[in-house]
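S.K.: File run33.cif below, mmCIF, C-alpha atoms:
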data_run
#
loop_
_atom_site.label_atom_id
_atom_site.label_comp_id
_atom_site.auth_asym_id
_atom_site.auth_seq_id
_atom_site.Cartn_x
_atom_site.Cartn_y
_atom_site.Cartn_z
CA MET A 1 2.65 -21.57 13.26
CA SER A 2 5.76 -21.01 15.39
CA ASN A 3 5.57 -21.34 19.16
CA PRO A 4 6.13 -17.59 19.81
CA GLY A 5 3.41 -16.81 17.26
CA SER A 6 0.99 -19.29 18.86
CA ALA A 7 1.57 -17.69 22.23
CA VAL A 8 0.83 -14.24 20.84
CA TRP A 9 -2.37 -15.48 19.17
CA LEU A 10 -3.64 -17.13 22.35
CA THR A 11 -2.79 -14.10 24.47
CA SER A 12 -4.46 -11.83 21.95
CA LEU A 13 -7.62 -13.94 21.86
CA ALA A 14 -7.79 -13.89 25.66
CA ALA A 15 -7.32 -10.10 25.73
CA LEU A 16 -10.02 -9.66 23.10
CA ALA A 17 -12.44 -11.76 25.13
CA LEU A 18 -11.75 -9.75 28.30
CA LEU A 19 -12.60 -6.41 26.70
CA GLN A 20 -15.84 -5.06 28.16
CA PRO A 21 -18.61 -4.45 25.63
CA ALA A 22 -20.05 -1.88 28.02
CA GLU A 23 -17.19 0.38 26.97
CA ALA A 24 -17.99 0.03 23.29
CA GLN A 25 -18.87 2.90 21.04
CA GLY A 26 -22.53 3.00 20.20
CA ALA A 27 -23.36 1.47 16.86
CA ASP A 28 -26.46 -0.03 15.32
CA ALA A 29 -26.44 -3.75 14.77
CA GLY A 30 -26.41 -4.65 11.12
CA PHE A 31 -25.45 -6.99 8.31
CA LYS A 32 -23.76 -5.65 5.20
CA PRO A 33 -22.80 -7.58 2.05
CA ILE A 34 -19.43 -6.98 0.41
CA LEU A 35 -19.11 -6.97 -3.37
CA ASP A 36 -16.20 -5.26 -5.16
CA LEU A 37 -15.54 -5.90 -8.84
CA ARG A 38 -12.85 -4.59 -11.17
CA LEU A 39 -12.46 -5.30 -14.88
CA ARG A 40 -9.11 -4.06 -16.18
CA ALA A 41 -7.09 -4.06 -19.37
CA GLU A 42 -3.35 -3.48 -18.92
CA GLN A 43 -0.90 -2.99 -21.78
CA VAL A 44 2.88 -3.07 -21.35
CA ASP A 45 5.31 -1.97 -24.07
CA GLN A 46 8.84 -2.59 -22.74
CA ASP A 47 12.15 -2.68 -24.57
CA GLY A 48 13.40 -6.26 -24.83
CA THR A 49 9.93 -7.87 -24.61
CA ASP A 50 6.89 -8.20 -26.84
CA LYS A 51 4.10 -5.70 -26.43
CA THR A 52 1.80 -7.41 -23.97
CA THR A 53 -1.86 -6.97 -23.08
CA GLY A 54 -3.72 -8.55 -20.20
CA LEU A 55 -7.46 -8.47 -19.54
CA THR A 56 -8.30 -9.51 -15.99
CA VAL A 57 -11.28 -9.40 -13.68
CA ALA A 58 -11.14 -9.39 -9.89
CA GLY A 59 -13.89 -9.74 -7.33
CA ARG A 60 -14.17 -9.60 -3.56
CA PHE A 61 -17.33 -10.96 -2.01
CA GLY A 62 -18.53 -11.63 1.51
CA PHE A 63 -20.32 -9.96 4.36
CA GLU A 64 -19.70 -7.89 7.46
CA ALA A 65 -21.79 -8.14 10.63
CA ASN A 66 -22.00 -5.68 13.53
CA SER A 67 -23.57 -6.67 16.86
CA GLY A 68 -24.27 -3.08 17.90
CA ASP A 69 -22.18 -3.24 21.09
CA GLY A 70 -18.76 -2.88 19.50
CA TRP A 71 -18.28 -6.45 18.25
CA GLY A 72 -17.99 -7.23 14.58
CA ALA A 73 -17.13 -10.06 12.20
CA LEU A 74 -16.12 -10.11 8.54
CA ILE A 75 -15.55 -12.80 5.94
CA GLU A 76 -14.43 -12.06 2.38
CA GLY A 77 -13.31 -14.20 -0.52
CA GLU A 78 -11.28 -13.04 -3.49
CA ALA A 79 -11.11 -14.28 -7.09
CA VAL A 80 -8.93 -13.17 -10.01
CA GLY A 81 -9.55 -14.47 -13.52
CA HIS A 82 -7.93 -13.97 -16.94
CA LEU A 83 -10.07 -13.06 -19.94
CA HIS A 84 -6.99 -12.55 -22.13
CA ASP A 85 -3.82 -14.06 -20.71
CA ASP A 86 -1.01 -13.63 -23.23
CA PHE A 87 1.35 -12.31 -20.55
CA SER A 88 3.67 -13.46 -17.75
CA ASP A 89 1.79 -13.26 -14.47
CA THR A 90 4.61 -14.38 -12.08
CA VAL A 91 3.10 -17.89 -11.82
CA ASP A 92 2.66 -18.76 -15.49
CA ASN A 93 5.66 -17.13 -17.16
CA ARG A 94 5.69 -16.83 -20.95
CA PRO A 95 9.03 -16.29 -22.73
CA GLY A 96 9.37 -12.85 -24.29
CA LYS A 97 6.24 -11.51 -22.61
CA ALA A 98 6.30 -8.63 -20.12
CA VAL A 99 5.15 -9.23 -16.55
CA ILE A 100 1.67 -8.21 -15.41
CA PRO A 101 1.63 -9.42 -11.79
CA ASP A 102 -2.04 -10.44 -11.61
CA PRO A 103 -2.07 -14.27 -11.49
CA GLU A 104 -5.35 -16.15 -11.31
CA ALA A 105 -6.46 -16.82 -7.76
CA LEU A 106 -9.35 -18.04 -5.63
CA GLU A 107 -8.69 -17.59 -1.94
CA LEU A 108 -9.86 -16.31 1.40
CA ASN A 109 -8.93 -12.63 1.52
CA ARG A 110 -10.17 -11.62 4.99
CA LEU A 111 -11.63 -13.45 8.00
CA GLN A 112 -11.67 -11.43 11.20
CA ILE A 113 -13.42 -10.58 14.43
CA SER A 114 -13.15 -7.10 15.88
CA TRP A 115 -14.10 -4.99 18.85
CA THR A 116 -14.15 -1.20 19.12
CA GLY A 117 -14.58 0.73 22.36
CA LYS A 118 -14.34 4.34 23.43
CA THR A 119 -10.55 4.27 23.91
CA ALA A 120 -9.40 0.94 22.43
CA SER A 121 -9.93 -1.49 19.57
CA SER A 122 -8.83 -4.96 18.50
CA VAL A 123 -8.89 -7.02 15.31
CA LEU A 124 -8.00 -10.71 15.19
CA GLY A 125 -7.64 -12.78 12.03
CA ARG A 126 -6.83 -12.32 8.35
CA GLN A 127 -7.14 -8.59 7.80
CA ARG A 128 -6.20 -5.53 5.78
CA VAL A 129 -3.52 -3.32 7.39
CA ILE A 130 -2.75 0.15 6.00
CA PHE A 131 -0.79 2.75 7.94
CA ASP A 132 -0.71 6.34 6.67
CA ASP A 133 0.27 6.50 2.97
CA ALA A 134 1.22 2.76 2.94
CA ARG A 135 4.91 3.57 2.53
CA PHE A 136 5.87 0.91 5.08
CA ILE A 137 2.80 -1.33 5.29
CA GLY A 138 -0.26 -1.48 3.03
CA ASN A 139 -2.60 -3.67 1.01
CA VAL A 140 -1.17 -3.10 -2.52
CA GLY A 141 -4.71 -2.19 -3.55
CA PHE A 142 -3.83 -1.38 -7.18
CA ARG A 143 -3.09 -5.02 -8.04
CA GLN A 144 -5.98 -7.40 -8.57
CA ASN A 145 -5.00 -9.72 -5.69
CA GLU A 146 -4.90 -7.72 -2.46
CA GLN A 147 -2.18 -8.17 0.18
CA THR A 148 -3.60 -9.15 3.57
CA PHE A 149 -2.18 -10.35 6.87
CA ASP A 150 -2.86 -13.10 9.41
CA ALA A 151 -2.44 -10.79 12.36
CA VAL A 152 -3.69 -9.38 15.62
CA ARG A 153 -4.01 -5.64 15.97
CA PHE A 154 -4.56 -3.50 19.06
CA GLY A 155 -5.32 0.20 18.98
CA LEU A 156 -5.44 2.80 21.74
CA PHE A 157 -6.88 6.30 21.42
CA PRO A 158 -7.02 7.63 25.00
CA THR A 159 -7.34 11.26 23.88
CA GLY A 160 -8.26 13.15 20.75
CA THR A 161 -4.60 13.91 20.06
CA VAL A 162 -2.78 10.60 20.71
CA THR A 163 -3.24 7.21 19.05
CA ALA A 164 -1.16 4.04 19.31
CA ASP A 165 -1.25 0.79 17.31
CA TYR A 166 0.46 -2.56 17.61
CA VAL A 167 0.26 -5.36 15.03
CA TYR A 168 1.67 -8.86 15.33
CA ILE A 169 1.96 -10.51 11.89
CA ASP A 170 1.95 -14.30 11.68
CA LYS A 171 1.67 -14.60 7.88
CA VAL A 172 1.69 -12.28 4.86
CA HIS A 173 -0.57 -13.17 1.94
CA ARG A 174 1.12 -11.37 -0.92
CA ILE A 175 -0.28 -10.29 -4.29
CA PHE A 176 1.19 -13.31 -6.13
CA GLY A 177 -1.39 -15.75 -4.73
CA ASP A 178 -1.31 -19.19 -3.18
CA GLU A 179 0.08 -20.88 -6.31
CA SER A 180 3.28 -18.81 -6.26
CA ALA A 181 6.40 -19.76 -4.34
CA ALA A 182 6.59 -16.09 -3.36
CA GLY A 183 2.89 -15.87 -2.51
CA GLU A 184 3.21 -16.12 1.27
CA TYR A 185 5.67 -15.15 3.98
CA GLU A 186 5.65 -17.09 7.24
CA SER A 187 6.24 -14.31 9.72
CA ASP A 188 7.14 -13.54 13.31
CA SER A 189 6.95 -9.76 12.96
CA HIS A 190 5.90 -6.74 15.01
CA VAL A 191 4.74 -3.29 13.89
CA PHE A 192 4.31 -0.29 16.20
CA ARG A 193 2.83 3.11 15.40
CA LEU A 194 2.39 6.17 17.63
CA GLN A 195 0.77 9.41 16.49
CA THR A 196 0.40 12.70 18.33
CA ASN A 197 -1.19 15.92 17.09
CA THR A 198 0.34 19.11 18.44
CA SER A 199 0.26 22.82 17.74
CA PHE A 200 3.52 22.26 15.82
CA GLY A 201 2.02 19.64 13.50
CA LYS A 202 1.37 15.91 13.43
CA PHE A 203 4.17 13.53 14.48
CA ILE A 204 4.17 9.81 13.68
CA ALA A 205 6.71 7.28 14.96
CA THR A 206 6.74 3.84 13.32
CA GLY A 207 8.74 0.73 14.13
CA LEU A 208 8.80 -2.41 12.00
CA PHE A 209 10.56 -5.52 13.26
CA LEU A 210 10.22 -8.01 10.40
CA ASN A 211 11.25 -11.66 10.42
CA PHE A 212 10.26 -13.79 7.41
CA ASP A 213 11.15 -17.47 7.01
CA GLU A 214 11.08 -17.26 3.20
CA SER A 215 13.09 -14.06 2.79
CA ALA A 216 16.00 -13.01 4.94
CA PRO A 217 16.69 -9.93 2.72
CA ALA A 218 13.12 -8.69 3.29
CA SER A 219 13.57 -9.04 7.04
CA GLY A 220 15.09 -6.37 9.27
CA GLN A 221 14.10 -3.51 11.51
CA THR A 222 13.02 -0.04 10.40
CA LEU A 223 12.55 2.94 12.71
CA ALA A 224 10.83 5.97 11.18
CA MET A 225 9.70 9.44 12.25
CA ALA A 226 7.33 11.61 10.20
CA TRP A 227 6.07 15.17 10.57
CA SER A 228 3.41 17.11 8.67
CA ASP A 229 1.54 20.38 9.05
CA SER A 230 -0.96 22.49 7.15
CA TRP A 231 -1.62 26.23 6.98
CA GLU A 232 -4.77 27.95 5.72
CA PHE A 233 -4.41 31.19 3.77
CA GLN A 234 -6.92 33.30 1.94
CA SER A 235 -5.37 32.18 -1.32
CA GLY A 236 -5.36 28.45 -0.45
CA THR A 237 -3.90 25.70 1.73
CA PHE A 238 -0.18 25.00 2.07
CA ASP A 239 1.11 21.62 3.34
CA LEU A 240 4.58 20.45 4.31
CA ASN A 241 5.79 16.98 5.33
CA ALA A 242 9.04 15.21 6.10
CA ARG A 243 9.99 11.67 7.05
CA PHE A 244 13.22 9.99 8.13
CA ALA A 245 14.00 6.31 8.71
CA GLN A 246 16.89 4.03 9.60
CA GLN A 247 17.02 0.36 8.66
CA GLY A 248 19.19 -2.40 10.06
CA ALA A 249 19.35 -6.10 10.88
CA TYR A 250 16.82 -7.85 13.13
CA ASN A 251 17.31 -11.37 14.51
CA ASP A 252 20.47 -11.61 12.39
CA ARG A 253 18.47 -10.97 9.21
CA GLY A 254 18.26 -7.94 7.00
CA PRO A 255 20.89 -5.54 5.64
CA ALA A 256 24.51 -6.06 6.61
CA GLN A 257 24.94 -2.28 7.08
CA ASP A 258 22.48 0.35 8.25
CA LEU A 259 20.53 2.07 5.47
CA GLY A 260 18.84 5.47 5.55
CA TYR A 261 15.64 6.93 4.13
CA GLN A 262 14.36 10.48 3.87
CA SER A 263 11.52 12.27 2.12
CA TYR A 264 10.29 15.84 1.85
CA GLY A 265 7.07 17.06 0.32
CA ALA A 266 5.05 20.22 -0.20
CA SER A 267 1.72 21.08 -1.79
CA PHE A 268 -0.47 24.09 -2.38
CA ALA A 269 -4.19 23.69 -3.03
CA ARG A 270 -6.73 26.27 -4.09
CA ASP A 271 -10.29 25.12 -4.46
CA ASP A 272 -10.09 21.82 -6.39
CA LEU A 273 -6.66 22.41 -7.96
CA ALA A 274 -3.38 21.45 -6.26
CA VAL A 275 0.29 21.51 -7.19
CA PHE A 276 2.65 19.26 -5.27
CA GLY A 277 6.24 18.08 -5.28
CA GLY A 278 8.72 16.09 -3.29
CA LEU A 279 12.05 14.36 -2.92
CA GLU A 280 12.38 10.78 -1.71
CA VAL A 281 15.78 9.20 -1.06
CA LEU A 282 16.37 5.50 -0.41
CA GLU A 283 19.97 4.72 0.43
CA GLY A 284 22.03 1.94 -1.13
CA VAL A 285 25.21 0.63 0.50
CA ALA A 286 27.45 -2.36 -0.32
CA GLY A 287 25.05 -3.80 -2.87
CA GLU A 288 21.92 -3.49 -0.70
CA GLY A 289 19.10 -0.96 -0.90
CA PHE A 290 16.62 0.33 1.67
CA ALA A 291 13.63 -2.06 1.51
CA THR A 292 9.93 -1.70 2.25
CA PRO A 293 8.67 -5.25 1.59
CA LEU A 294 5.15 -4.70 3.03
CA ALA A 295 4.52 -1.37 1.31
CA THR A 296 2.09 -0.50 -1.47
CA LEU A 297 5.06 -0.03 -3.78
CA HIS A 298 3.06 0.97 -6.87
CA ALA A 299 2.31 4.33 -5.23
CA PHE A 300 6.01 5.27 -5.06
CA GLN A 301 8.81 5.85 -7.60
CA GLY A 302 6.38 6.05 -10.50
CA TRP A 303 3.49 3.90 -11.70
CA ALA A 304 5.60 2.08 -14.29
CA ASP A 305 6.92 0.01 -11.33
CA VAL A 306 10.53 0.20 -12.50
CA PHE A 307 11.96 0.53 -8.98
CA LEU A 308 9.96 -1.94 -6.90
CA THR A 309 13.33 -3.04 -5.54
CA THR A 310 15.70 -0.25 -4.52
CA PRO A 311 18.84 -0.32 -6.72
CA ALA A 312 22.10 -1.30 -5.03
CA THR A 313 23.33 2.29 -5.43
CA GLY A 314 20.14 3.73 -3.93
CA ILE A 315 17.68 6.08 -5.58
CA ARG A 316 16.69 9.74 -5.51
CA ASP A 317 13.21 10.46 -6.80
CA LEU A 318 12.44 14.14 -7.48
CA SER A 319 8.80 14.64 -8.45
CA ILE A 320 6.33 17.40 -9.24
CA GLY A 321 2.67 17.10 -10.09
CA LEU A 322 -0.68 18.75 -10.63
CA LYS A 323 -4.08 17.35 -9.72
CA ARG A 324 -7.67 18.46 -9.79
CA GLY A 325 -10.92 17.14 -8.41
CA GLY A 326 -14.45 18.39 -8.24
CA LEU A 327 -15.11 18.12 -11.98
CA LYS A 328 -18.81 17.77 -12.72
CA VAL A 329 -18.95 15.67 -15.89
CA ILE A 330 -22.01 13.47 -15.43
CA ASP A 331 -25.15 14.71 -13.71
CA HIS A 332 -26.07 12.94 -10.47
CA ALA A 333 -22.63 11.29 -10.29
CA LYS A 334 -19.70 12.09 -8.02
CA PRO A 335 -17.11 14.57 -9.38
CA ALA A 336 -14.36 13.39 -11.69
CA SER A 337 -10.64 13.95 -11.00
CA TRP A 338 -7.29 13.85 -12.76
CA ALA A 339 -3.58 14.03 -11.92
CA VAL A 340 -0.28 14.36 -13.82
CA ILE A 341 3.11 13.64 -12.18
CA TYR A 342 6.70 13.93 -13.44
CA HIS A 343 9.60 11.99 -11.86
CA ASP A 344 13.35 12.38 -12.31
CA PHE A 345 15.39 9.42 -11.03
CA GLU A 346 19.06 9.21 -10.17
CA SER A 347 21.24 7.06 -7.91
CA ASP A 348 21.94 8.09 -4.35
CA ASN A 349 25.59 7.04 -4.72
CA GLY A 350 27.52 8.48 -7.65
CA ARG A 351 24.57 10.55 -8.89
CA LEU A 352 24.03 8.45 -12.02
CA SER A 353 20.89 9.21 -14.00
CA TYR A 354 18.37 6.37 -14.14
CA GLY A 355 15.88 8.21 -16.33
CA SER A 356 12.55 9.99 -16.00
CA GLU A 357 8.86 9.17 -16.00
CA ILE A 358 5.54 10.88 -16.53
CA ASP A 359 2.32 9.48 -15.05
CA ALA A 360 -1.30 10.49 -15.62
CA VAL A 361 -4.69 9.33 -14.38
CA PHE A 362 -8.33 10.27 -14.94
CA ARG A 363 -11.17 8.90 -12.77
CA LEU A 364 -14.76 9.30 -13.86
CA PRO A 365 -17.62 8.16 -11.60
CA VAL A 366 -20.42 7.10 -13.94
CA ASN A 367 -23.01 6.75 -11.18
CA ASP A 368 -23.15 5.82 -7.49
CA TRP A 369 -21.70 2.35 -8.05
CA LEU A 370 -19.59 2.43 -11.23
CA THR A 371 -16.27 4.25 -11.89
CA LEU A 372 -14.12 4.40 -15.03
CA GLU A 373 -10.36 4.87 -14.65
CA VAL A 374 -7.84 5.63 -17.40
CA LYS A 375 -4.21 5.59 -16.30
CA GLY A 376 -0.80 5.65 -17.95
CA ALA A 377 2.93 5.68 -17.18
CA ALA A 378 5.84 6.32 -19.56
CA PHE A 379 9.40 5.65 -18.31
CA ARG A 380 12.43 6.65 -20.36
CA GLY A 381 15.69 5.24 -19.08
CA ALA A 382 19.04 6.95 -19.34
CA ASP A 383 22.04 5.16 -20.88
CA THR A 384 22.85 3.81 -17.42
CA GLY A 385 19.22 3.25 -16.47
CA PRO A 386 16.62 0.47 -16.79
CA ALA A 387 14.83 -0.33 -20.06
CA ASP A 388 12.24 2.06 -21.50
CA ARG A 389 8.63 1.06 -20.93
CA THR A 390 5.12 2.40 -21.32
CA LYS A 391 2.11 1.10 -19.42
CA PHE A 392 -1.56 1.83 -19.95
CA TRP A 393 -4.60 0.79 -17.93
CA LEU A 394 -8.32 1.00 -18.60
CA ALA A 395 -10.55 -0.16 -15.76
CA LEU A 396 -14.17 -0.34 -14.66
CA GLU A 397 -14.76 -0.60 -10.92
CA THR A 398 -17.91 -1.18 -8.93
CA ARG A 399 -18.49 -1.36 -5.20
CA LEU A 400 -21.85 -2.35 -3.77
#
What do you get writing this file as structure tokens?

M.R.:
Amino acid sequence: MSNPGSAVWLTSLAALALLQPAEAQGADAGFKPILDLRLRAEQVDQDGTDKTTGLTVAGRFGFEANSGDGWGALIEGEAVGHLHDDFSDTVDNRPGKAVIPDPEALELNRLQISWTGKTASSVLGRQRVIFDDARFIGNVGFRQNEQTFDAVRFGLFPTGTVTADYVYIDKVHRIFGDESAAGEYESDSHVFRLQTNTSFGKFIATGLFLNFDESAPASGQTLAMAWSDSWEFQSGTFDLNARFAQQGAYNDRGPAQDLGYQSYGASFARDDLAVFGGLEVLEGVAGEGFATPLATLHAFQGWADVFLTTPATGIRDLSIGLKRGGLKVIDHAKPASWAVIYHDFESDNGRLSYGSEIDAVFRLPVNDWLTLEVKGAAFRGADTGPADRTKFWLALETRL
């Protein structure tokens, strides 16, 4: 651990110890086990590789304790195993086989102590960090091995309309696991977030100052501002959102030139049915693209994961979709839901077509603890675009 990081950890531990439990929010003391399991088959049919199928199982297990006066502790292990492993998993790469980035793993996923009061909170240790829609920092929850952080986090919520968060990140435990050379980032990074709710909508300012020993290109600073608002009508609910960001070098690492980001979205929902659409633009300049290395990337630019790295000429993603929840399929189970999304991709510079994609998902709760998910993505590349590919997932999930 670097000297600056050690100083932050010691200062954070001292601050956590000085917080007064008398200020804590009331909560009953308790002990809760953690058990999450997911069995998933994933098939990838990509031009230039063999059709590939992986069958993997992932489990998270541990416990969470609450003292009742605001203090808490959590420990959680994580295991990923292969039941059918005829695929490249980023650690064991098989020639001609498509990549399914779910390598086998057995590791500590979370180990943290926390305190929550009436106007402040703190978390110290290996933890999950997700801000907003995980566009800039998230846990990559779709993959079998979750992304977590050795970090200290402070939160302030002095009023019902203003919240502030600060996170110092000492290490990033990425989805590739401990056996991968890319599985961890040694970090000396800072993340800030400020949210205020007004009569003109919700505003969120985010600052990421990332410094990774293993990856200078993933380092850099990103400053972002987001706005969203919602209007209720007799016919339904209308939502609008917009976000802008600027990215540059930090500690002499990161992009050589500033890179921009912008997104716009709208949705209209009536009862359990909603139509939505948006435009997301990530700039590319001089061979470098706008990067979000800590994001849950699977949630953006299509589920086929074609554009996990922004192309050097940037990308424009125009999307439209339809989703529905509230479907009663099985008695005494939670409602089912489905969604269908279409993406059209082109470069930000030169307006070259990359191709298009259609995604679909159906989630069916079987009972209180078991859910079935069927999900697919079909990408068709243009002549100047990436290779065609189709992906299909079938999963059973349980959370006790």

S.K.: At a cut-off of 8 Å, using only C-alpha atoms, what residues contact range 291-299 of chain A? Leave out same-chain residues fewer than 6 positions from it and give the result as a VMD selection string.

M.R.: chain A and resid 134 to 142 218 305 308 to 310

S.K.: List, as a list in words, every residue that the PyMOL selection byres ((chain A and resi 159) around 12) selects in the file provided.

M.R.: Lys118, Thr119, Ala120, Leu156, Phe157, Pro158, Gly160, Thr161, Val162, Thr163, Ala164, Gln195, Thr196 and Asn197 of chain A

S.K.: Quick one: distance from CA of Gly125 in chain A to CA of Trp369 in chain A in Å, one decimal?

M.R.: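 A separation of 28.8 Å between them.
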
S.K.: Between CA of Phe131 in chain A and CA of Tyr185 in chain A, what is the distance, to one decimal in Å?

M.R.: 19.4 Å

S.K.: May I have the residues at most 9 Å from (-16.3, -11.5, 11.0) in the file's coordinates, counting all atoms listed in the file, as a count of residues only?

M.R.: 15

S.K.: Name the residues that the PyMOL selection byres ((chain A and resi 210) around 10) picks from the file above, as a compact mmCIF listing (two decimals) with C-alpha atoms, in the coordinates of the input, using the file's chain letters and numbers.

M.R.:
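What follows is the written file part_25.txt:
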# COMPACT_ATOMS: atom_id res chain seq x y z
CA TYR A 168 1.67 -8.86 15.33
CA ILE A 169 1.96 -10.51 11.89
CA SER A 187 6.24 -14.31 9.72
CA ASP A 188 7.14 -13.54 13.31
CA SER A 189 6.95 -9.76 12.96
CA HIS A 190 5.90 -6.74 15.01
CA VAL A 191 4.74 -3.29 13.89
CA GLY A 207 8.74 0.73 14.13
CA LEU A 208 8.80 -2.41 12.00
CA PHE A 209 10.56 -5.52 13.26
CA ASN A 211 11.25 -11.66 10.42
CA PHE A 212 10.26 -13.79 7.41
CA ALA A 216 16.00 -13.01 4.94
CA ALA A 218 13.12 -8.69 3.29
CA SER A 219 13.57 -9.04 7.04
CA GLY A 220 15.09 -6.37 9.27
CA GLN A 221 14.10 -3.51 11.51
CA THR A 222 13.02 -0.04 10.40
CA ALA A 249 19.35 -6.10 10.88
CA TYR A 250 16.82 -7.85 13.13
CA ASN A 251 17.31 -11.37 14.51
CA ARG A 253 18.47 -10.97 9.21
CA GLY A 254 18.26 -7.94 7.00
CA PRO A 293 8.67 -5.25 1.59
CA LEU A 294 5.15 -4.70 3.03

S.K.: Distance CA of Ala105 in chain A-CA of Asp36 in chain A, one decimal place?

M.R.: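 Here the two named atoms are 15.3 Å from each other.
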
S.K.: So, with all atoms listed in the file as the atoms that count, which of A:Phe244, A:Trp393, A:Phe300, A:Phe61 lies closest to Asp133 in chain A?

M.R.: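 Using all atoms listed in the file, Asp133 in chain A sits closest to A:Phe300.
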
S.K.: Under the rule that all atoms listed in the file are counted, which of A:Lys375, A:Arg270, A:Lys202, A:Lys97 is the nearest residue to Phe392 in chain A?

M.R.: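 For Phe392 in chain A, the nearest of the candidates is A:Lys375.
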
S.K.: Would you mind listing what lies within 9 Å of Ala224 in chain A as an MDAnalysis selection string, with all atoms listed in the file counted and same-chain residues fewer than 4 positions away left out?

M.R.: chainID A and resid 204:208 243:247 261

S.K.: Do you know which residues are at most 6 Å from range 312-326 of chain A counting all atoms listed in the file, after dropping those on the same chain fewer than 4 positions away, and could you put them as JSON, numbers by chain?

M.R.: {"A": [272, 273, 274, 275, 276, 277, 278, 279, 280, 281, 282, 283, 284, 287, 288, 289, 335, 337, 338, 339, 340, 341, 342, 343, 344, 345, 346, 347, 348, 349]}

S.K.: Could you tell me which of A:Arg38, A:Arg94, A:Arg363, A:Arg399 comes closest to Thr52 in chain A if we count only C-alpha atoms?

M.R.: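 Ranking A:Arg38, A:Arg94, A:Arg363, A:Arg399 by distance to Thr52 in chain A, first place goes to A:Arg94.
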
S.K.: Just the residues within 10 Å of Leu35 in chain A, please, counting all atoms listed in the file, with nothing from its chain fewer than 2 positions along; format it as a ChimeraX atom specification.

M.R.: /A:32-33,37,59-63,76-78,398-400

S.K.: Need the neighbours of (15.7, 8.2, -15.5): which residues are at most 6 Å away, counting only C-alpha atoms, as a PyMOL selection string?

M.R.: chain A and resi 344-345+353-356+381-382

S.K.: Once the PyMOL selection byres ((chain A and resi 45) around 6) has been applied to the shown file, what residues remain in the selection, as a list in words?

M.R.: Val44, Gln46, Lys51, Arg389 and Thr390 of chain A

S.K.: Find the residues near Ile175 in chain A: any atom within 8 Å, counting all atoms listed in the file, skip ones fewer than 4 places away on the same chain, and give them as a list in words.

M.R.: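 Once the nearby chain positions are removed, what remains is Pro101, Asp102, Val140, Arg143, Gln144, Asn145, Glu146, Gln147 and Gly183 of chain A.
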
S.K.: Out of A:Ile34, A:Ala378, A:Ala387, A:Ile358, which residue has the shortest atom-to-atom distance to Gly48 in chain A when counting all atoms listed in the file?

M.R.: A:Ala387

S.K.: Calculated over all atoms listed in the file, which of the candidates A:Ala242, A:Ala269, A:Gln257, A:Thr49 has the smallest distance to Ala286 in chain A?

M.R.: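 Comparing A:Ala242, A:Ala269, A:Gln257, A:Thr49 against Ala286 in chain A, the winner is A:Gln257.
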
S.K.: Give the answer as one residue: which of A:Ala58, A:Ala333, A:Leu327, A:Ala360 has the shortest atom-to-atom distance to Gly302 in chain A, using all atoms listed in the file?

M.R.: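 Nearest to Gly302 in chain A: A:Ala360.
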
S.K.: Output range 125-135 of chain A as a short mmCIF file (atom, residue, chain, number, x, y, z; two decimals), in the frame of the given file, making sure N, CA and C atoms are there.

M.R.:
data_model
loop_
_atom_site.label_atom_id
_atom_site.label_comp_id
_atom_site.auth_asym_id
_atom_site.auth_seq_id
_atom_site.Cartn_x
_atom_site.Cartn_y
_atom_site.Cartn_z
N GLY A 125 -7.37 -11.96 13.19
CA GLY A 125 -7.64 -12.78 12.03
C GLY A 125 -6.96 -12.26 10.78
N ARG A 126 -7.38 -12.77 9.64
CA ARG A 126 -6.83 -12.32 8.35
C ARG A 126 -7.46 -10.97 8.03
N GLN A 127 -6.63 -9.95 7.85
CA GLN A 127 -7.14 -8.59 7.80
C GLN A 127 -6.30 -7.72 6.88
N ARG A 128 -6.88 -6.57 6.55
CA ARG A 128 -6.20 -5.53 5.78
C ARG A 128 -5.52 -4.59 6.77
N VAL A 129 -4.25 -4.25 6.53
CA VAL A 129 -3.52 -3.32 7.39
C VAL A 129 -2.90 -2.24 6.50
N ILE A 130 -3.30 -1.00 6.73
CA ILE A 130 -2.75 0.15 6.00
C ILE A 130 -2.43 1.23 7.01
N PHE A 131 -1.19 1.63 7.10
CA PHE A 131 -0.79 2.75 7.94
C PHE A 131 -0.41 3.94 7.07
N ASP A 132 -1.06 5.07 7.32
CA ASP A 132 -0.71 6.34 6.67
C ASP A 132 -0.79 6.21 5.15
N ASP A 133 0.29 6.55 4.44
CA ASP A 133 0.27 6.50 2.97
C ASP A 133 0.75 5.15 2.44
N ALA A 134 0.83 4.13 3.31
CA ALA A 134 1.22 2.76 2.94
C ALA A 134 2.66 2.66 2.49
N ARG A 135 3.51 3.62 2.92
CA ARG A 135 4.91 3.57 2.53
C ARG A 135 5.65 2.41 3.19
#
